[in-house]
Structure formats: C-alpha cells, structure tokens
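Accompanying notes for the structure given below.
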Amino acid sequence: MPQALNYATQTFNFPSATLPLPLSTNVILPFTIDPLAYISDVYDSLFASQVAGTTPLIKNIRSILIKKLLLDHAAQQLLFHSILTFDDLITFTIDILHRTAILP
C-alpha cells in the first residue's frame with residue numbers, strides 16, 4: 001500500500017509580497033465639500049433658529065428667503081473665487097455672511 005504524503009510539513013519558499021509606497025507621505029486629497037451645501041448647513045445649524053416672525057408661517061418664509069439670498073450670493077461669488085482648502089471654505093463662508101449682513 002502506498003504511503004500517504006504529509007503536506008502539512010512541507011514549506012514553500014515564495015518571495016514575500018511588498019506593497020508599493022507613495023513617493024511622498026504628504027499626499028493631498030481632493031477637496032470634495034460643496035460650498036453651497038456647506039453654507040446652507042451653516043445657516044440651518046446656526047442662524048435659522050434666530051429668524052423672527054409674528055407667526056410660524058412668516059418666520060418660515062423669512063428663513064427661506066434669507067437662505068435663498070445667502071445661496072444666490074454665494075453662487076455668484078463662486079464664479080470668481082476658487083476654493084481649494086478648508087480654510088478657503090471658511091473664509092468664503094464668513095465673507096458671504098458678512099456681505100449679506102447676517103454677521104456684522
């Protein structure tokens with residue numbers, strides 16, 4: 001009767017795999033935040049609750065109109081400004097809030 005082979009004790013001499021490393025560890029990832037969505041979120045989070053109105057309907061209408069003013073102004077300014085970093089986005093947002101008189 002032939003003797004059974006024991007494969008568990010065999011070892012193979014394969015070269016270890018290496019992962020390619022980037023040339024630089026300071027890799028800049030693309031900026032993917034939508035400036036208009038960011039400004040909309042800032043308004044909704046910080047300023048929408050501050051809008052005054054004699055009735056809830058008037059308050060809601062005023063809030064929508066102020067938000068539209070912000071977004072229209074921001075869209076117009078984006079034609080002339082490029083936003084490449086998060087600092088650019090913050091500066092742009094604060095500038096829009098100042099230009100629309102939401103921030104003094």
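Residues are named by chain letter and number: chains run A, B, ... in the order of the structure tokens, numbers start at 1 in each chain, and ligands are numbered from 1 in the order shown.
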Close residues, Asp88 (chain A) itself excluded, 12 Å, only C-alpha atoms, min 4 positions apart in chain, as a PyMOL selection string
chain A and resi 31+33+35+78+81-84+92-95
For those residues, write C-alpha atoms to a file as a PDB file, in the first residue's frame.
```pdb
ATOM      1  CA  PHE A  31     -11.389  68.734  -1.799  1.00  0.00           C
ATOM      2  CA  ILE A  33     -17.117  69.623   0.029  1.00  0.00           C
ATOM      3  CA  PRO A  35     -19.538  75.186  -0.789  1.00  0.00           C
ATOM      4  CA  LEU A  78     -18.178  81.224  -6.674  1.00  0.00           C
ATOM      5  CA  HIS A  81     -13.456  82.525  -6.240  1.00  0.00           C
ATOM      6  CA  SER A  82     -11.812  79.139  -6.210  1.00  0.00           C
ATOM      7  CA  ILE A  83     -11.986  77.081  -3.035  1.00  0.00           C
ATOM      8  CA  LEU A  84      -9.098  74.674  -2.708  1.00  0.00           C
ATOM      9  CA  PHE A  92     -15.571  82.266   1.850  1.00  0.00           C
ATOM     10  CA  THR A  93     -18.462  81.378   4.186  1.00  0.00           C
ATOM     11  CA  ILE A  94     -17.646  84.171   6.634  1.00  0.00           C
ATOM     12  CA  ASP A  95     -17.318  86.628   3.737  1.00  0.00           C
TER      13      ASP A  95
END
```
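Counting only C-alpha atoms and comparing A:Ile61, A:Ile96, A:Leu46, A:Ala52, the residue that lies closest to Ala75 (chain A) is A:Ile96.
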Do you know which residues are at most 8 Å from region 37-44 of chain A counting only C-alpha atoms, after dropping those on the same chain fewer than 6 positions away, and could you put them as an mmCIF file with all heavy atoms, in the first residue's frame?
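around-v1.cif, written as the output of this step:
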```cif
data_model
loop_
_atom_site.group_PDB
_atom_site.id
_atom_site.type_symbol
_atom_site.label_atom_id
_atom_site.label_comp_id
_atom_site.auth_asym_id
_atom_site.auth_seq_id
_atom_site.Cartn_x
_atom_site.Cartn_y
_atom_site.Cartn_z
ATOM 1 N N LYS A 67 -32.150 82.375 3.429
ATOM 2 C CA LYS A 67 -31.301 81.285 2.940
ATOM 3 C C LYS A 67 -31.103 81.394 1.432
ATOM 4 O O LYS A 67 -30.001 81.198 0.922
ATOM 5 C CB LYS A 67 -31.920 79.936 3.310
ATOM 6 C CG LYS A 67 -31.062 78.754 2.971
ATOM 7 C CD LYS A 67 -31.723 77.492 3.487
ATOM 8 C CE LYS A 67 -30.916 76.278 3.221
ATOM 9 N NZ LYS A 67 -31.538 75.063 3.771
ATOM 10 N N LEU A 70 -28.589 84.097 0.748
ATOM 11 C CA LEU A 70 -27.232 83.589 1.006
ATOM 12 C C LEU A 70 -26.725 82.721 -0.137
ATOM 13 O O LEU A 70 -25.610 82.904 -0.622
ATOM 14 C CB LEU A 70 -27.227 82.743 2.283
ATOM 15 C CG LEU A 70 -27.032 83.431 3.600
ATOM 16 C CD1 LEU A 70 -27.237 82.440 4.740
ATOM 17 C CD2 LEU A 70 -25.682 84.057 3.690
ATOM 18 N N LEU A 71 -27.544 81.765 -0.554
ATOM 19 C CA LEU A 71 -27.115 80.820 -1.585
ATOM 20 C C LEU A 71 -26.960 81.488 -2.950
ATOM 21 O O LEU A 71 -26.033 81.156 -3.693
ATOM 22 C CB LEU A 71 -28.083 79.647 -1.656
ATOM 23 C CG LEU A 71 -28.132 78.770 -0.400
ATOM 24 C CD1 LEU A 71 -29.173 77.673 -0.546
ATOM 25 C CD2 LEU A 71 -26.765 78.189 -0.086
ATOM 26 N N THR A 93 -17.193 81.407 3.461
ATOM 27 C CA THR A 93 -18.462 81.378 4.186
ATOM 28 C C THR A 93 -18.618 82.613 5.054
ATOM 29 O O THR A 93 -19.679 83.257 5.053
ATOM 30 C CB THR A 93 -18.563 80.103 5.045
ATOM 31 O OG1 THR A 93 -18.435 78.963 4.193
ATOM 32 C CG2 THR A 93 -19.881 80.037 5.783
#
```
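Here CA of Thr85 (chain A) is placed at a distance of 29.2 Å from CA of Gln50 (chain A).
When only C-alpha atoms are used to compute distances to Val51 (chain A), the closest of the residues A:Ile102, A:Leu97, A:Leu69, A:Ile90 turns out to be A:Ile102.
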Mind pulling up the distance from CA of Pro104 (chain A) to CA of Ile66 (chain A)?
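Between CA of Ile66 (chain A) and CA of Pro104 (chain A) the gap is 15.2 Å.
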State, in Å with one decimal place, the distance from CA of Asn60 (chain A) to CA of Leu79 (chain A).
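Distance between the two atoms: 29.2 Å.
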Could you check the closest approach to Ala101 (chain A) for each of A:Lys59, A:Thr54, A:His73, A:Leu36 and tell me which residue wins, using only C-alpha atoms?
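Looking only at the distances to Ala101 (chain A), the closest residue turns out to be A:His73.
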